[in-house]
Structures are given as structure tokens and as C-alpha cells.
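Asks: Contents are compact mmCIF, C-alpha atoms; file name work-v8.txt:
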# COMPACT_ATOMS: atom_id res chain seq x y z
CA MET A 51 25.61 10.52 -13.39
CA LEU A 52 27.83 8.43 -11.15
CA HIS A 53 26.43 5.96 -8.70
CA PRO A 54 27.67 4.30 -5.54
CA VAL A 55 28.72 0.66 -5.65
CA PRO A 56 27.07 -1.84 -3.32
CA THR A 57 27.75 -1.45 0.36
CA LEU A 58 25.70 -4.31 1.83
CA LYS A 59 25.74 -8.05 1.25
CA GLU A 60 22.55 -9.79 0.18
CA THR A 61 20.94 -11.72 3.04
CA PRO A 62 21.90 -15.38 2.59
CA SER A 63 19.16 -17.70 1.43
CA GLN A 64 17.93 -20.55 3.60
CA THR A 65 15.75 -23.46 2.57
CA ALA A 66 12.01 -22.87 2.59
CA GLY A 67 11.77 -26.03 4.68
CA PRO A 68 9.15 -28.77 4.74
CA TYR A 69 6.35 -26.47 5.89
CA VAL A 70 6.62 -23.73 3.28
CA HIS A 71 2.94 -24.30 2.47
CA ILE A 72 2.07 -22.78 5.85
CA GLY A 73 3.74 -19.52 4.94
CA MET A 74 2.92 -19.26 1.27
CA THR A 75 -0.40 -21.07 0.87
CA PRO A 76 -1.87 -21.05 4.39
CA ASN A 77 -5.41 -21.89 3.32
CA PHE A 78 -4.19 -24.86 1.31
CA SER A 79 -2.28 -26.07 4.38
CA GLY A 80 -5.40 -25.80 6.55
CA ILE A 81 -4.67 -22.49 8.27
CA THR A 82 -7.91 -20.83 7.32
CA GLY A 83 -9.44 -17.58 8.46
CA VAL A 84 -6.24 -15.54 8.51
CA ILE A 85 -6.38 -14.38 4.88
CA ASP A 86 -9.28 -14.84 2.47
CA ALA A 87 -7.39 -16.46 -0.37
CA ASP A 88 -3.88 -17.73 -0.82
CA PRO A 89 -1.82 -15.14 -2.72
CA GLY A 90 -1.37 -15.88 -6.41
CA ILE A 91 -3.82 -18.81 -6.42
CA SER A 92 -6.05 -17.00 -8.91
CA MET A 93 -4.30 -15.13 -11.68
CA LEU A 94 -7.29 -14.31 -13.85
CA THR A 95 -9.89 -11.60 -13.45
CA PRO A 96 -13.00 -11.05 -15.57
CA ASP A 97 -11.04 -8.33 -17.43
CA THR A 98 -7.97 -10.40 -18.24
CA LYS A 99 -7.31 -10.36 -21.98
CA GLY A 100 -5.66 -13.16 -23.90
CA GLU A 101 -5.83 -16.83 -24.70
CA ARG A 102 -6.81 -18.93 -21.69
CA ILE A 103 -4.37 -21.73 -21.00
CA ASP A 104 -3.42 -24.01 -18.13
CA ILE A 105 0.15 -24.70 -17.16
CA THR A 106 1.02 -27.83 -15.18
CA CYS A 107 4.51 -28.24 -13.79
CA ARG A 108 5.57 -31.43 -12.04
CA VAL A 109 8.64 -31.33 -9.81
CA ILE A 110 10.65 -34.58 -9.58
CA ASP A 111 13.74 -35.25 -7.48
CA GLY A 112 16.85 -37.23 -8.32
CA SER A 113 15.31 -40.49 -7.08
CA GLY A 114 12.30 -40.03 -9.33
CA ALA A 115 10.02 -39.10 -6.44
CA PRO A 116 7.58 -36.18 -6.70
CA VAL A 117 8.48 -33.11 -4.63
CA ALA A 118 5.17 -32.79 -2.87
CA ASP A 119 6.26 -30.03 -0.50
CA ALA A 120 7.35 -27.62 -3.26
CA VAL A 121 5.94 -24.23 -4.09
CA ILE A 122 6.23 -22.81 -7.59
CA GLU A 123 5.79 -19.16 -8.43
CA ILE A 124 5.43 -17.92 -11.99
CA TRP A 125 5.87 -14.44 -13.41
CA GLN A 126 4.84 -13.63 -16.95
CA ALA A 127 3.90 -10.90 -19.37
CA ASP A 128 0.32 -10.18 -20.35
CA ALA A 129 -1.07 -11.07 -23.77
CA ASP A 130 0.58 -7.99 -25.28
CA GLY A 131 4.00 -8.80 -23.86
CA GLY A 132 3.75 -6.15 -21.14
CA PHE A 133 4.38 -6.33 -17.43
CA VAL A 134 2.48 -4.46 -14.77
CA THR A 135 4.27 -1.13 -14.78
CA PRO A 136 5.14 1.13 -11.88
CA PRO A 137 2.25 3.62 -12.19
CA SER A 138 -0.42 0.96 -11.85
CA ARG A 139 1.58 -0.84 -9.19
CA ASP A 140 0.82 1.99 -6.82
CA SER A 141 -2.84 2.33 -7.57
CA ASN A 142 -5.35 0.89 -5.18
CA SER A 143 -7.16 -1.00 -7.88
CA ARG A 144 -6.14 -4.51 -8.67
CA PRO A 145 -4.68 -4.85 -12.18
CA SER A 146 -6.72 -6.95 -14.61
CA PHE A 147 -3.73 -9.26 -14.86
CA LEU A 148 -0.86 -9.10 -12.38
CA GLY A 149 1.11 -11.82 -14.16
CA TRP A 150 2.13 -13.55 -10.95
CA GLY A 151 0.93 -16.92 -9.73
CA ARG A 152 1.80 -19.22 -6.85
CA GLN A 153 0.75 -22.83 -6.38
CA PRO A 154 1.59 -25.49 -3.82
CA ALA A 155 2.61 -28.87 -5.19
CA ASP A 156 0.11 -31.65 -4.67
CA ALA A 157 0.96 -35.22 -3.67
CA ASP A 158 2.16 -35.87 -7.23
CA GLY A 159 4.48 -32.86 -7.17
CA CYS A 160 2.19 -30.99 -9.58
CA CYS A 161 1.32 -27.31 -9.67
CA THR A 162 -1.34 -26.10 -12.09
CA PHE A 163 -1.78 -22.45 -13.05
CA GLU A 164 -4.85 -21.12 -14.78
CA THR A 165 -3.51 -18.23 -16.81
CA ILE A 166 -3.21 -16.75 -20.29
CA LYS A 167 -0.54 -17.23 -22.89
CA PRO A 168 2.04 -14.45 -22.56
CA GLY A 169 2.92 -12.20 -25.45
CA PRO A 170 6.52 -11.74 -26.62
CA VAL A 171 8.86 -9.63 -24.48
CA ALA A 172 11.83 -7.81 -25.97
CA GLY A 173 15.18 -9.40 -25.24
CA PRO A 174 18.44 -7.59 -24.46
CA ASP A 175 19.19 -7.43 -28.18
CA GLY A 176 15.90 -5.66 -28.82
CA ARG A 177 14.38 -8.57 -30.68
CA PRO A 178 11.37 -10.37 -29.22
CA GLN A 179 12.03 -13.35 -26.99
CA ALA A 180 9.84 -16.39 -27.52
CA PRO A 181 6.76 -16.38 -25.28
CA HIS A 182 7.85 -17.69 -21.89
CA VAL A 183 7.01 -17.82 -18.22
CA SER A 184 9.59 -17.31 -15.47
CA LEU A 185 9.58 -19.97 -12.76
CA TRP A 186 10.87 -19.92 -9.19
CA ILE A 187 10.89 -23.16 -7.23
CA VAL A 188 11.39 -23.65 -3.50
CA ALA A 189 11.07 -26.70 -1.24
CA ARG A 190 12.72 -28.57 1.59
CA GLY A 191 16.22 -29.53 0.46
CA ILE A 192 16.49 -26.58 -1.94
CA ASN A 193 18.92 -24.15 -0.30
CA ILE A 194 18.25 -21.27 -2.66
CA GLY A 195 15.22 -20.80 -4.89
CA LEU A 196 15.69 -22.27 -8.37
CA GLN A 197 15.19 -19.94 -11.34
CA THR A 198 14.13 -21.34 -14.68
CA ARG A 199 11.75 -20.70 -17.55
CA LEU A 200 8.90 -22.41 -19.32
CA TYR A 201 8.47 -22.19 -23.11
CA PHE A 202 5.63 -23.47 -25.29
CA SER A 203 5.86 -26.44 -27.64
CA ASP A 204 3.68 -24.79 -30.28
CA GLU A 205 6.12 -21.88 -30.66
CA ALA A 206 8.86 -23.86 -32.37
CA ASP A 207 10.02 -21.05 -34.66
CA ALA A 208 10.13 -18.48 -31.91
CA ASN A 209 11.85 -20.95 -29.58
CA ALA A 210 14.51 -21.65 -32.17
CA ASP A 211 15.29 -17.93 -32.28
CA ASP A 212 15.02 -17.23 -28.55
CA TYR A 213 17.77 -15.28 -26.84
CA VAL A 214 17.84 -17.37 -23.67
CA LEU A 215 17.31 -20.81 -25.22
CA ASN A 216 20.17 -20.12 -27.58
CA LYS A 217 22.47 -19.47 -24.63
CA ILE A 218 22.10 -23.13 -23.66
CA MET A 219 25.14 -24.52 -25.42
CA ASP A 220 24.16 -28.17 -25.05
CA LYS A 221 21.19 -28.21 -27.39
CA ARG A 222 20.01 -31.51 -25.97
CA ARG A 223 19.09 -29.69 -22.76
CA ARG A 224 16.90 -27.03 -24.38
CA PRO A 225 13.81 -29.28 -24.40
CA THR A 226 13.92 -29.39 -20.58
CA LEU A 227 12.31 -25.95 -20.68
CA ILE A 228 9.64 -26.60 -23.31
CA ALA A 229 6.19 -27.49 -22.03
CA GLN A 230 4.23 -29.89 -24.21
CA LYS A 231 0.81 -28.82 -25.38
CA GLN A 232 -2.23 -30.97 -24.72
CA ASP A 233 -5.30 -29.90 -26.65
CA GLY A 234 -8.59 -29.36 -24.91
CA ASP A 235 -11.26 -26.75 -24.35
CA VAL A 236 -8.51 -24.94 -22.51
CA PRO A 237 -5.09 -25.95 -23.86
CA ARG A 238 -2.81 -27.34 -21.22
CA TYR A 239 0.98 -27.08 -21.31
CA VAL A 240 2.81 -29.69 -19.25
CA LEU A 241 6.41 -29.49 -18.07
CA ASP A 242 8.37 -31.92 -15.93
CA ILE A 243 10.99 -30.18 -13.82
CA HIS A 244 13.78 -32.61 -12.95
CA LEU A 245 15.99 -31.42 -10.11
CA GLN A 246 18.63 -34.01 -11.05
CA GLY A 247 19.28 -36.84 -13.47
CA PRO A 248 19.75 -37.25 -17.21
CA ASN A 249 16.89 -34.86 -17.91
CA GLU A 250 17.90 -32.28 -15.31
CA THR A 251 16.17 -28.99 -16.03
CA VAL A 252 18.36 -26.06 -17.00
CA PHE A 253 18.42 -23.65 -14.07
CA PHE A 254 19.62 -20.09 -14.42
CA ASP A 255 21.58 -17.55 -12.46
CA PHE A 256 19.83 -14.43 -13.71
CA MET B 153 33.61 0.27 0.89
CA SER B 154 32.62 3.02 -1.46
CA GLY B 155 33.27 4.01 -5.00
CA ILE B 156 31.56 4.73 -8.23
CA ILE B 157 30.28 2.91 -11.25
CA LEU B 158 29.83 4.42 -14.63
CA PRO B 159 26.46 4.50 -16.31
CA GLY B 160 25.87 2.08 -19.11
CA ALA B 161 24.44 -0.92 -17.34
CA ASP B 162 21.13 0.62 -16.38
CA GLY B 163 18.63 -1.84 -15.09
CA ALA B 164 21.08 -4.61 -14.37
CA LEU B 165 21.05 -6.25 -10.99
CA TYR B 166 24.34 -6.83 -9.30
CA GLN B 167 25.42 -10.37 -9.92
CA ARG B 168 24.35 -12.65 -7.09
CA ASP B 169 27.34 -13.65 -4.96
CA ARG B 170 26.71 -17.38 -5.00
CA ALA B 171 29.62 -17.99 -2.63
CA TRP B 172 27.76 -15.99 0.01
CA HIS B 173 24.67 -18.21 -0.28
CA PRO B 174 24.53 -21.92 0.58
CA PRO B 175 25.63 -24.18 -2.26
CA ALA B 176 22.89 -26.45 -3.61
CA ASP B 177 24.41 -29.69 -2.39
CA THR B 178 25.15 -29.72 1.36
CA PRO B 179 25.50 -33.33 2.55
CA THR B 180 25.09 -32.50 6.25
CA TYR B 181 21.60 -31.28 5.37
CA LYS B 182 20.47 -34.57 3.89
CA SER B 183 17.36 -33.36 2.09
CA THR B 184 19.62 -31.71 -0.49
CA THR B 185 20.98 -35.08 -1.65
CA PHE B 186 18.28 -35.76 -4.24
CA ARG B 187 17.15 -32.17 -4.66
CA ALA B 188 20.33 -30.27 -5.48
CA PRO B 189 20.82 -29.69 -9.21
CA LYS B 190 24.10 -31.24 -10.32
CA GLN B 191 24.66 -29.15 -13.44
CA SER B 192 26.07 -25.65 -13.23
CA LEU B 193 23.59 -22.81 -13.23
CA LEU B 194 23.54 -20.98 -16.55
CA ALA B 195 24.58 -17.43 -15.71
CA LEU B 196 22.82 -14.81 -17.84
CA GLY B 197 22.16 -11.17 -17.33
CA PRO B 198 18.52 -10.73 -16.36
CA THR B 199 16.18 -9.65 -19.13
CA LYS B 200 13.08 -7.54 -18.74
CA SER B 201 11.29 -10.70 -17.59
CA GLU B 202 13.51 -11.03 -14.51
CA LEU B 203 14.00 -7.31 -13.85
CA SER B 204 10.28 -6.82 -13.46
CA GLY B 205 8.30 -8.51 -10.74
CA PRO B 206 5.02 -8.55 -8.88
CA THR B 207 4.31 -5.80 -6.41
CA PHE B 208 1.50 -5.65 -3.97
CA GLY B 209 0.78 -1.98 -3.44
CA HIS B 210 -2.81 -2.69 -4.49
CA GLU B 211 -3.29 -5.27 -1.75
CA LYS B 212 -5.23 -4.33 1.32
CA LEU B 213 -3.82 -6.42 4.11
CA GLY B 214 -6.03 -7.39 7.01
CA ALA B 215 -5.57 -5.67 10.36
CA LEU B 216 -4.35 -8.89 11.97
CA ASP B 217 -2.22 -10.12 9.08
CA ASN B 218 0.89 -9.07 11.00
CA ASP B 219 -0.32 -10.21 14.41
CA LEU B 220 0.40 -13.91 14.91
CA ILE B 221 -0.62 -13.62 18.56
CA ARG B 222 -4.22 -13.02 17.52
CA ASN B 223 -4.73 -13.83 13.84
CA PHE B 224 -5.63 -17.49 14.36
CA SER B 225 -7.41 -17.09 17.68
CA GLN B 226 -10.41 -19.39 17.77
CA ASP B 227 -12.08 -18.00 20.86
CA GLY B 228 -10.42 -14.64 21.49
CA THR B 229 -7.61 -16.26 23.47
CA GLU B 230 -4.14 -15.14 22.53
CA ALA B 231 -1.36 -17.51 21.45
CA ILE B 232 0.76 -19.08 24.17
CA GLY B 233 4.40 -18.06 24.44
CA GLN B 234 6.97 -15.35 24.92
CA ARG B 235 5.47 -12.26 23.33
CA LEU B 236 7.64 -10.57 20.69
CA VAL B 237 7.67 -7.69 18.30
CA VAL B 238 9.82 -8.54 15.28
CA TYR B 239 10.66 -5.68 12.96
CA GLY B 240 13.27 -4.57 10.51
CA GLN B 241 14.09 -2.79 7.31
CA VAL B 242 14.20 -4.29 3.84
CA LEU B 243 17.10 -2.74 1.94
CA ASP B 244 18.93 -3.42 -1.27
CA GLU B 245 22.68 -3.84 -1.63
CA ASN B 246 22.96 -0.10 -2.20
CA ALA B 247 21.48 0.35 1.30
CA ARG B 248 18.37 1.88 -0.22
CA PRO B 249 15.06 1.03 1.47
CA VAL B 250 12.66 -1.21 -0.46
CA PRO B 251 9.22 0.31 0.09
CA ARG B 252 5.85 -1.43 -0.21
CA THR B 253 7.14 -4.90 -0.77
CA LEU B 254 5.45 -8.00 0.61
CA VAL B 255 7.11 -9.84 3.49
CA GLU B 256 5.64 -13.19 4.57
CA PHE B 257 6.63 -15.16 7.65
CA TRP B 258 5.83 -18.55 9.17
CA GLN B 259 6.99 -20.39 12.23
CA ALA B 260 6.45 -23.15 14.81
CA ASN B 261 4.54 -22.47 18.01
CA ALA B 262 6.12 -21.90 21.42
CA GLY B 263 6.60 -25.64 21.87
CA GLY B 264 8.38 -26.01 18.53
CA ARG B 265 5.47 -27.53 16.65
CA TYR B 266 4.12 -26.46 13.27
CA ARG B 267 0.45 -26.59 12.43
CA HIS B 268 0.86 -28.96 9.50
CA LYS B 269 -0.62 -32.34 8.73
CA LYS B 270 2.78 -33.90 8.15
CA GLU B 271 4.27 -32.56 11.39
CA GLY B 272 4.81 -35.41 13.84
CA TYR B 273 6.61 -33.79 16.77
CA LEU B 274 4.99 -34.65 20.08
CA ALA B 275 4.92 -31.07 21.39
CA ALA B 276 1.36 -29.80 21.81
CA ILE B 277 -0.58 -27.84 19.24
CA ASP B 278 -1.68 -24.39 20.41
CA PRO B 279 -5.29 -24.14 19.23
CA ASN B 280 -4.96 -20.37 18.94
CA PHE B 281 -1.74 -20.23 16.95
CA GLY B 282 -1.62 -20.66 13.17
CA GLY B 283 1.97 -19.58 12.59
CA PHE B 284 1.48 -17.47 9.47
CA GLY B 285 1.54 -13.72 8.89
CA ARG B 286 2.51 -11.04 6.40
CA ALA B 287 3.21 -7.34 6.11
CA LEU B 288 3.93 -4.71 3.49
CA THR B 289 6.99 -2.55 4.05
CA ASP B 290 6.32 1.16 4.57
CA GLU B 291 7.81 4.06 2.60
CA ASN B 292 11.12 3.55 4.40
CA GLY B 293 11.20 -0.21 3.89
CA PHE B 294 10.18 -1.14 7.43
CA TYR B 295 7.95 -4.08 8.35
CA SER B 296 6.85 -5.28 11.77
CA PHE B 297 4.73 -7.99 13.33
CA ARG B 298 3.73 -9.41 16.69
CA THR B 299 4.28 -13.05 17.44
CA ILE B 300 5.44 -15.49 20.09
CA LYS B 301 8.93 -16.89 20.24
CA PRO B 302 9.00 -20.22 18.39
CA GLY B 303 10.42 -23.22 20.21
CA ALA B 304 13.43 -25.25 19.11
CA TYR B 305 12.54 -28.70 17.81
CA PRO B 306 14.15 -31.99 16.81
CA TRP B 307 14.07 -33.10 13.19
CA PRO B 308 14.98 -36.26 11.34
CA ASN B 309 18.35 -35.54 9.81
CA GLY B 310 21.26 -36.80 11.87
CA GLY B 311 19.43 -38.80 14.52
CA ASN B 312 19.43 -36.06 17.15
CA ASP B 313 19.54 -32.80 15.24
CA TRP B 314 17.64 -29.79 16.54
CA ARG B 315 16.57 -26.64 14.77
CA PRO B 316 17.27 -23.48 16.72
CA ALA B 317 14.29 -21.19 17.27
CA HIS B 318 13.67 -19.53 13.91
CA ILE B 319 11.16 -17.70 11.76
CA HIS B 320 10.93 -18.26 8.00
CA PHE B 321 10.79 -15.16 5.78
CA SER B 322 9.74 -14.73 2.15
CA VAL B 323 10.55 -11.38 0.51
CA PHE B 324 9.74 -10.10 -2.96
CA GLY B 325 11.54 -6.86 -3.77
CA HIS B 326 10.62 -5.29 -7.09
CA ALA B 327 12.27 -7.70 -9.53
CA PHE B 328 11.51 -11.41 -9.82
CA ALA B 329 15.26 -12.07 -9.72
CA GLN B 330 15.38 -10.51 -6.22
CA ARG B 331 13.04 -13.14 -4.82
CA LEU B 332 14.39 -14.51 -1.54
CA ILE B 333 13.48 -16.97 1.18
CA THR B 334 15.51 -17.09 4.36
CA GLN B 335 15.30 -17.82 8.08
CA MET B 336 15.77 -15.54 11.08
CA TYR B 337 17.45 -16.70 14.29
CA PHE B 338 17.64 -15.17 17.76
CA GLU B 339 20.69 -13.44 19.22
CA GLY B 340 22.51 -15.48 21.82
CA ASP B 341 20.97 -18.85 20.95
CA PRO B 342 23.70 -21.52 21.27
CA MET B 343 21.61 -23.87 19.09
CA ILE B 344 22.38 -21.72 16.02
CA TRP B 345 25.92 -23.00 15.78
CA GLN B 346 25.02 -26.69 15.81
CA CYS B 347 22.31 -26.59 13.15
CA PRO B 348 23.04 -28.33 9.82
CA ILE B 349 20.72 -25.96 7.96
CA VAL B 350 22.34 -22.84 9.42
CA GLY B 351 25.65 -24.49 8.57
CA THR B 352 24.83 -24.52 4.87
CA VAL B 353 25.72 -20.81 4.85
CA PRO B 354 29.45 -20.84 4.08
CA ASP B 355 30.58 -17.68 5.85
CA LYS B 356 30.17 -16.95 9.57
CA ALA B 357 29.52 -13.32 8.67
CA GLY B 358 26.67 -14.52 6.45
CA ILE B 359 25.18 -16.49 9.34
CA ASP B 360 25.52 -13.39 11.49
CA GLN B 361 23.26 -11.59 8.99
CA LEU B 362 20.52 -14.10 9.83
CA ILE B 363 20.58 -13.38 13.57
CA ALA B 364 18.05 -10.86 14.84
CA ARG B 365 19.23 -8.51 17.58
CA LEU B 366 17.39 -8.04 20.85
CA ASP B 367 16.32 -4.40 20.80
CA ARG B 368 15.72 -3.15 24.32
CA HIS B 369 14.66 0.30 23.09
CA ASN B 370 11.72 -1.04 21.16
CA THR B 371 10.41 -3.47 23.72
CA ALA B 372 6.77 -2.88 24.60
CA PRO B 373 6.86 -2.30 28.37
CA MET B 374 4.99 -4.94 30.35
CA ASP B 375 4.11 -6.65 27.05
CA ALA B 376 6.66 -7.84 24.49
CA LEU B 377 10.38 -8.07 23.76
CA ALA B 378 11.59 -6.66 20.45
CA TYR B 379 13.95 -8.17 17.90
CA ARG B 380 15.27 -6.39 14.84
CA PHE B 381 15.94 -8.27 11.61
CA ASP B 382 17.02 -6.32 8.54
CA ILE B 383 16.88 -8.03 5.16
CA VAL B 384 19.07 -7.14 2.18
CA LEU B 385 17.93 -7.87 -1.38
CA ARG B 386 19.99 -7.68 -4.55
CA GLY B 387 20.77 -4.15 -5.69
CA ARG B 388 20.20 -2.65 -9.07
CA ARG B 389 22.32 -0.31 -11.11
CA SER B 390 19.24 1.19 -12.61
CA THR B 391 18.67 4.85 -13.10
CA MET B 392 15.49 4.07 -15.01
CA PHE B 393 13.10 4.52 -12.13
CA GLU B 394 15.16 7.02 -10.17
CA ASN B 395 12.23 9.25 -9.38
CA LYS B 396 9.63 6.58 -8.94
CA LEU B 397 8.22 5.87 -5.53
CA GLU B 398 8.94 2.19 -6.01
CA GLY B 399 12.67 2.86 -5.81
CA ASN B 400 15.16 0.93 -7.81
What is this file in C-alpha cells?
Replies:
Amino acid sequence: MLHPVPTLKETPSQTAGPYVHIGMTPNFSGITGVIDADPGISMLTPDTKGERIDITCRVIDGSGAPVADAVIEIWQADADGGFVTPPSRDSNSRPSFLGWGRQPADADGCCTFETIKPGPVAGPDGRPQAPHVSLWIVARGINIGLQTRLYFSDEADANADDYVLNKIMDKRRRPTLIAQKQDGDVPRYVLDIHLQGPNETVFFDF
Amino acid sequence: MSGIILPGADGALYQRDRAWHPPADTPTYKSTTFRAPKQSLLALGPTKSELSGPTFGHEKLGALDNDLIRNFSQDGTEAIGQRLVVYGQVLDENARPVPRTLVEFWQANAGGRYRHKKEGYLAAIDPNFGGFGRALTDENGFYSFRTIKPGAYPWPNGGNDWRPAHIHFSVFGHAFAQRLITQMYFEGDPMIWQCPIVGTVPDKAGIDQLIARLDRHNTAPMDALAYRFDIVLRGRRSTMFENKLEGN
């Protein structure tokens, strides 16, 4: 089969602006009564399978200040390494785990997601990638959403063999994607996302 | 332009044309100074993790989710301002409609003021206007909503910079790597061409893509003007889901 090449240009991105919380987390921003719950705020359902974890990402700008107006979205596989697939996308029932979360940053630039640890997803070479979560970050002063990933500090062997991490030629920058585990009743993985500076996070053009 | 590609790259998204989008660091828009990454982006072909993405076909949207004139009304009074219908089609770069994808929008009120605790502009709050709405595209990729025309407003950037009237849009598509936020402007507004944020888009033809057209045919007589704003997301070479309702 032959296919046509693109005929349209992608719509240019514009910054999400300082009031992105109005549009993406209206209840959090005080606009209540329009929708029941902010989309993506709750990722878990009673039927979600897998190991319960929390993920906390803190966004920090080049002056060291927290980016309190940010929104982070995450997208991840379920505990078996699967994504919600097209047939169930179209059903009217909510999947037991959609794999998508959205949180507004708080005054400290932090977003916390209550989720489950993702299973391994096959990479382009057919081998499993290390467990990871895809991140998308928008805020005032960010002209186009930033794409990056979060990996888990307790997956050192898998991380060392990961398709994407190994594409980062400067090995010193790989740790910018690895969230550090804090033990607790629910393990918490913490990642600082530096927009600039000596510890600038690796951002991708996927 | 037309042509063909050979199979063999099924599932890949077309590479994003970064020169068509604003660069990260745009000094005339000062907020980018400390927020623009300085290192190059690491370009990688998307994996399954980026080629998949959340869809919202299971969501039941509320009847007023796409009616900003009424969805925050406190007492049954409608929002103040020039009444509009804004609609358009979400397409991919192959000009194929993107059905059943979530489109979210937010905006200032008719006086140019946002309902936000950090908003300090002296224009009055409209007690019946929240400024948020959302819609799912239909089988042909179309969305629509009712709103009022947002006002222009001054902002602290250059000392006397003004934003042209605009509406913010968030669009999903069907792959996480298609995720897009942009802003819509209004045809004929001279403020567009003096805005530092608009000016982050390098190409005038790109800016033109952000300008909604007045659509006289779809005005609601004795009620609302209509503006059309089409949105283009990244296209995919995939043949994998050729026969799926979700499209490619």
C-alpha cells in the first residue's frame, strides 16, 4: 500500500500561559460547578491492579524558583505493561486504569500522582524498556510542551539496559530522569525537573 | 503538495517541524528567560509509550461543558459580552479528521479579566463567567462551543504590552506525542501583530494558522457570531489502525 505524504502543517504551539490551571484543573483554580472533578486528578479505580505508588515531580526554573503555575500530565502503562487499547477506548465504561494523570503544581512547584508502578513496555528493538512514565510539562514561559520521562531508582538493572536512557550520550545527564524512591506505606518516587542549569532535565523530541 | 511514501515506517509520527513552532527561548516574551531549556532536545523516534495516548470516548461530558455563556451562571443570568459560536475541525497532517478527541478551552471575560486568584487586572469580574469549557470532537473531527468574545488585556512584560483577544486550546489527539496547547486569535484584530507571545511563532504563515475566521454562514441569526478555528495535529504513517474508528 502507498500512502499520501502530509499536506497540512501542524498548528503552532503557544504557551499555556499563567492561567493554565483554569483550563486544565478548573476546580483546583476555584471554578467549581462546571465539571465534577478535574480530569486526570484521580488515576486509580477500585479495580486497578498493580503496586500502589506515589510520584512527586517538582518543577524548578533556571533561577531556582518553583514553577507554581505548571501543569504536568503523565501517561503510563498498566501493571502488565499494556496501554488502554482502541477497542476499550470506544466503550462507554471507564477503564479500570486509563494510565493518564494530570496535576497542577502547588506553590512549591510540586505535582503528586497517586498511581501504580507501570510494567515494562517493549521498545523499538523488541526488548522491554525499563518501567517508565511519560511526562508532559506546560506553564507560562514554556512555548511548547516539554516531553520527558520518569524512571525508577529501584530498577537499576533495567535502567542500565533501557533503550531511551542509553540514547543519552552524556551519561552524567541520565540521572535527571530517575526518580528517587522514598519508602513508606505507599512508596513515593521523587523527581526534580530542572528547566535549566547544571542539572537540566533531558527533554525529548519524540 | 502530494506524493507517496513507502510502507515500512508504520506507526511513526511525522517528525515535528520545530522551526514551525516557537523556539524555547524568546527574549521578547520574558517569561521564557528562566524557563527555556538550554540543552538541545534529544530527538528519538517515538516508542509505543509515545504513540499511544489517553482517549476520552468513555467520558460523558455535561450538557453545558461547551457553553461558556451558561456553564458558570450563578443565578441563571448569562455571561456578559459579544456572543460567539466557535467551532472547527481537528485534523492531522494528512488532513484526516481526528474523531472523539478531547478539546479544552479557557479564556478571559469580555473585559479581559481571568477568574484567577493571581489575576490583578482592574477590569471587572463577571460573576456569571468562569472561562472554562470542553468538547469531544464528533466522528468527523468537529468541535463547537458557545462563549463570549474575550477582551484584550495588558500584561507585565514590556511595560505596556497587551494581549490580543484570544482563547487558549488544549488538544489531545490519539498519541501522547501529539499533545498540543495553542491559542486562537480573531480575524482582523490589529493587536495580533504587536503581541510578543504571538511573535514567538517564527513564520507569518504559522501565525495565520492561529487566526480564526469570521464565518457569516454559521452565525446564529439574532444571537451569535461564528468563528471557525481548525486545528492540525501531527500525522502518523501508521497503517496499523487503518480500519479502526479512532483513525490513525
Asks: I need every residue sitting at most 9 Å from the point (12.1, -9.6, -17.4) (coordinates as in the file, only C-alpha atoms considered), written as a PyMOL selection string.
Replies: (chain A and resi 125-127+133+171-173+184) or (chain B and resi 198-205+327-329)
Asks: With chain A as the partner and 6 Å as the cut-off, tabulate the residues of chain B that qualify, each row holding the nearest pair of atoms and their distance in Å to one decimal, using only C-alpha atoms, sorted by chain and rising number, as a tab-separated table.
Replies:
residue	atom	partner	partner_atom	distance
B:Gly155	CA	A:Pro54	CA	5.6
B:Ile156	CA	A:Pro54	CA	4.7
B:Ile157	CA	A:His53	CA	5.5
B:Leu158	CA	A:Leu52	CA	5.7
B:His173	CA	A:Pro62	CA	4.9
B:Ala176	CA	A:Asn193	CA	5.7
B:Ser183	CA	A:Gly191	CA	4.3
B:Thr184	CA	A:Gly191	CA	4.1
B:Phe186	CA	A:Gly112	CA	4.6
B:Arg187	CA	A:Asp111	CA	5.4
B:Pro189	CA	A:Gln246	CA	5.2
B:Leu193	CA	A:Phe254	CA	5.0
B:Leu194	CA	A:Phe254	CA	4.5
B:Ala195	CA	A:Asp255	CA	4.4
B:Leu196	CA	A:Phe256	CA	5.1
B:Gly197	CA	A:Phe256	CA	5.4
B:Pro198	CA	A:Phe256	CA	4.7
B:Gly209	CA	A:Asp140	CA	5.2
B:His210	CA	A:Asn142	CA	4.4
B:Asn223	CA	A:Val84	CA	5.8
B:Glu245	CA	A:Leu58	CA	4.6
B:Asn246	CA	A:Pro56	CA	4.6
B:Phe257	CA	A:Gly73	CA	5.9
B:Trp258	CA	A:Gly73	CA	4.8
B:Phe284	CA	A:Gly73	CA	5.5
B:Ile333	CA	A:Ser63	CA	5.7
B:Thr334	CA	A:Gln64	CA	4.3
B:Gln335	CA	A:Gln64	CA	5.9
B:Ile383	CA	A:Thr61	CA	5.9
B:Val384	CA	A:Glu60	CA	4.8
B:Leu385	CA	A:Glu60	CA	5.2
B:Arg386	CA	A:Glu60	CA	5.8
Asks: Please provide as a PyMOL selection string all residues within 9 Å of B:Ile232, with the sequence filter that same-chain residues fewer than 3 positions apart are discarded (counting only C-alpha atoms).
Replies: chain B and resi 221+229+235+261-262+278+280-281+300
Asks: Report the distance between atom CA of B:Lys182 and atom CA of A:Arg199 in Å, rounded to one decimal place.
Replies: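 Result for atom CA of B:Lys182 versus atom CA of A:Arg199: 27.0 Å, one decimal.
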Asks: Which residue is closest to A:Ile187? Choose from A:Ile166, A:Val240, A:Met93, A:Cys160 and count only C-alpha atoms.
Replies: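 Using only C-alpha atoms, A:Ile187 sits closest to A:Cys160.
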Asks: What is the distance between atom CA of B:Arg286 and atom CA of B:Leu377, in Å to one decimal?
Replies: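 Between these atoms lies a distance of 19.3 Å.
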Asks: State, in Å with one decimal place, the distance from atom CA of B:Thr299 to atom CA of B:Leu366.
Replies: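 Those two atoms sit 14.4 Å apart.
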